[in-house]
Structures are given as structure tokens and as C-alpha cells.
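Peer 1: My questions will all concern the structure given below.
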Amino acid sequence: MPPPWSPKIYIEKDRFIMGTPLGESTTFYIKAKVERFSDYSQSDGLVLKYTLYEVTNCRFRIIKN
């Protein structure tokens, strides 16, 4: 019979702090894009960046970055 629990998982502290494998995640919405970065992964301290798009003639134009 197998043991009732799985073996202990070891995750390095640096990888755990990053949250995702690359330290960033991007979510696309209908007219927006949201980028989240892990703490201290960007040189300027950026942790959240959102971009809003305006659709004109089937082309995207950035209106706020």
C-alpha cells in the first residue's frame, strides 16, 4: 500500500518569490492588456502595467500606457 501522503516538495526561495516561472504574467482583455511582474524583477520597480487599446478600422491604437 502506498504512503498516505506525497513526498515533501522543495522549492527554492528565489523561485517561490517570483510566483511564475518567468516572474511575469500577462492577461488580455477585450480592449486592454494587464502585465504583472514579481517584486524586484524589474530594474525600475514596476509591478503592474496596464495598456488600454482603442479599436479603429480593425487596427489597435494605444491610448494609455
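How things are named: the first chain in the C-alpha cells is A, the next is B, and so on; residues count from 1 in each chain; ligands count from 1 in the order shown.
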What parts of chain A does DSSP call strand (DSSP E)? I'd like the answer as a compact mmCIF listing (two decimals) with C-alpha atoms, in the first residue's frame.
Peer 2:
# COMPACT_ATOMS: atom_id res chain seq x y z
CA GLU A 24 5.67 37.91 -15.04
CA SER A 25 2.15 37.18 -16.24
CA THR A 26 0.08 38.82 -18.95
CA THR A 27 -3.71 38.84 -19.11
CA PHE A 28 -5.53 40.02 -22.22
CA ALA A 32 -6.81 46.02 -22.56
CA LYS A 33 -3.69 44.16 -21.52
CA VAL A 34 -2.55 43.77 -17.90
CA GLU A 35 1.02 42.74 -17.12
CA ARG A 36 2.00 41.75 -13.59
CA PHE A 37 5.64 41.45 -12.55
CA LEU A 48 1.82 46.33 -12.64
CA LYS A 49 1.45 47.71 -16.16
CA TYR A 50 -1.81 48.11 -17.99
CA THR A 51 -2.39 49.16 -21.57
CA LEU A 52 -5.75 50.26 -22.95
CA TYR A 53 -6.48 49.95 -26.66
CA GLU A 54 -8.92 51.77 -28.89
CA VAL A 55 -10.11 49.83 -31.94
CA THR A 56 -10.29 51.94 -35.10
CA ARG A 59 -6.23 48.36 -36.06
CA PHE A 60 -5.21 48.86 -32.47
CA ARG A 61 -4.05 52.21 -31.25
CA ILE A 62 -2.52 52.56 -27.79
CA ILE A 63 -4.31 55.30 -25.88
CA LYS A 64 -2.71 54.86 -22.45
Peer 1: Give the alpha helix (DSSP H) residues of chain A, as DSSP finds them on the backbone, and put them as a list in words.
Peer 2: Lys13, Asp14, Arg15, Phe16, Ile17 and Met18 of chain A
Peer 1: So that I can see what lies close to Ile17 in chain A, please list as a ChimeraX atom specification the residues with an atom at most 8 Å from it, counting only C-alpha atoms and leaving out residues fewer than 3 positions away in the same chain.
Peer 2: /A:13-14,38-39
Peer 1: Let's have the selection written as a PDB file, in the first residue's frame, with N, CA and C atoms.
Peer 2:
ATOM      1  N   LYS A  13      13.822  29.470  -2.635  1.00  0.00           N
ATOM      2  CA  LYS A  13      13.207  30.719  -2.189  1.00  0.00           C
ATOM      3  C   LYS A  13      13.088  31.722  -3.341  1.00  0.00           C
ATOM      4  N   ASP A  14      14.116  31.831  -4.171  1.00  0.00           N
ATOM      5  CA  ASP A  14      14.079  32.767  -5.309  1.00  0.00           C
ATOM      6  C   ASP A  14      12.939  32.434  -6.263  1.00  0.00           C
ATOM      7  N   SER A  38       6.748  40.182 -10.811  1.00  0.00           N
ATOM      8  CA  SER A  38       7.062  39.879  -9.419  1.00  0.00           C
ATOM      9  C   SER A  38       7.914  41.000  -8.834  1.00  0.00           C
ATOM     10  N   ASP A  39       7.878  41.111  -7.506  1.00  0.00           N
ATOM     11  CA  ASP A  39       8.648  42.150  -6.824  1.00  0.00           C
ATOM     12  C   ASP A  39      10.130  41.999  -7.134  1.00  0.00           C
TER      13      ASP A  39
END
